[in-house]
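Below you'll find the structure, written out as structure tokens, and then a few comments.
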Amino acid sequence: MNGILHESEERRGTEKMKVLVALEGEYRTYMEAMAAAIREFRPNMEVVAISGGSEELEAQTERLEPQLVICSPPAPENPVDERLALIEISPDSSKPTNFRVGERRWQSANPTLGEILSVIDETKGLFRASREPGG
Amino acid sequence: MDKDTKRILLVAAHNAFRESLAARLSQEGDLEVAWQASSVADSRDIHLNGIDVAVIDPLLPDGDGMVLIREVSVANPRALALVLSHQLDPALYNQALGAGAADVLPTATPVEDFITAIRRIGSSG
């Protein structure tokens, strides 16, 4: 029994959370930097960065099935807004960024990288909980 | 600090973008983001003598970051400015070069090419 539990936990532990960072091509420098920063500070995640429009974002979301999408607003409702968490980051720092983790929604003016990492951590918690038996 | 390490001032209004760029640049052993600023006023509080390269995204909440290009070169003639902007019309390009910027790059630039540009500019100062 213990062996089965151990094996199950190990399997859950190896399943990495996926983060998709998708901004328009005109912000590629910042987008690639953000993906690199997330990889550095949260190394146990799979982070994919893509540049392109909403069609590319929808296609990559369907392909990767990320738990968190970070994209420019407005995010396409389906399939992007169906993910566990969503950050609609405004490239214009004077406009608010929209956050959603599960059912919780809020806005932040000119958020820091730390706020984004905090959302990643919260999403990871939800992701882990969803992998628990009965979760 | 190695004498070949380039010290960078990073000026951009967008906190998450600027901090991400700082984190990415800090992964390079020969580059150090020594200072960050999110406005013209913040930039003026920084001691500019130790800077090799100032990376300036000119759309700042309290003014045009172009003024910082001149201020950086006056405070430290060794320092060079690299303008990083998503608004890349010829007027902005000419304005930046006229103010003394070493180069102007669009934010569409792959981050690896941006890092190469910083090294090139840092070596020419």
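Labeling convention for the structure tokens: chains A, B, ... as they appear, residues from 1 per chain, ligands from 1 in order of appearance.
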* Could you list, as a list of chain:residue names, the residues of chain B having an atom within 8 Å of chain A when counting only C-alpha atoms? => B:Ala13, B:His14, B:Asn15, B:Ala16, B:Phe17, B:Arg18, B:Glu19, B:Ser20, B:Leu21, B:Ala23, B:Arg24, B:Pro61, B:His86, B:Pro106, B:Thr107, B:Ala108, B:Thr109, B:Pro110, B:Val111, B:Phe114
* Per-residue DSSP, chain A, filtered to helix (DSSP H, G or I), as a ChimeraX atom specification -> /A:2-14,25-41,54-64,80-82,113-131
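Note that atom CA of Leu20 of chain A and atom CA of Ala12 of chain B are 23.6 Å apart.
With atom CA of Lys18 of chain A on one side and atom CA of Pro73 of chain A on the other, the separation reads 19.9 Å.
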* To do: Do a neighbour search on Ile56 of chain B at 6 Å with only C-alpha atoms, toss out local chain neighbours closer than 6 positions, and write the hits as a PyMOL selection string.
  => chain B and resi 11+83-84
Those same residues - C-alpha atoms - I'd like them written as an mmCIF file, in the first residue's frame.
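File produced: part.cif:
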```cif
data_model
loop_
_atom_site.group_PDB
_atom_site.id
_atom_site.type_symbol
_atom_site.label_atom_id
_atom_site.label_comp_id
_atom_site.auth_asym_id
_atom_site.auth_seq_id
_atom_site.Cartn_x
_atom_site.Cartn_y
_atom_site.Cartn_z
ATOM 1 C CA VAL B 11 15.300 52.442 -17.355
ATOM 2 C CA VAL B 83 17.338 52.959 -26.702
ATOM 3 C CA LEU B 84 14.839 50.088 -26.609
#
```
* Asked: Could you write out, as a VMD selection string, all the residues of segment 11-116 of chain A that DSSP marks as strand (DSSP E)?
  -> chain A and resid 17 to 23 45 to 51 68 to 71 85 to 88 96 to 101 104 to 109
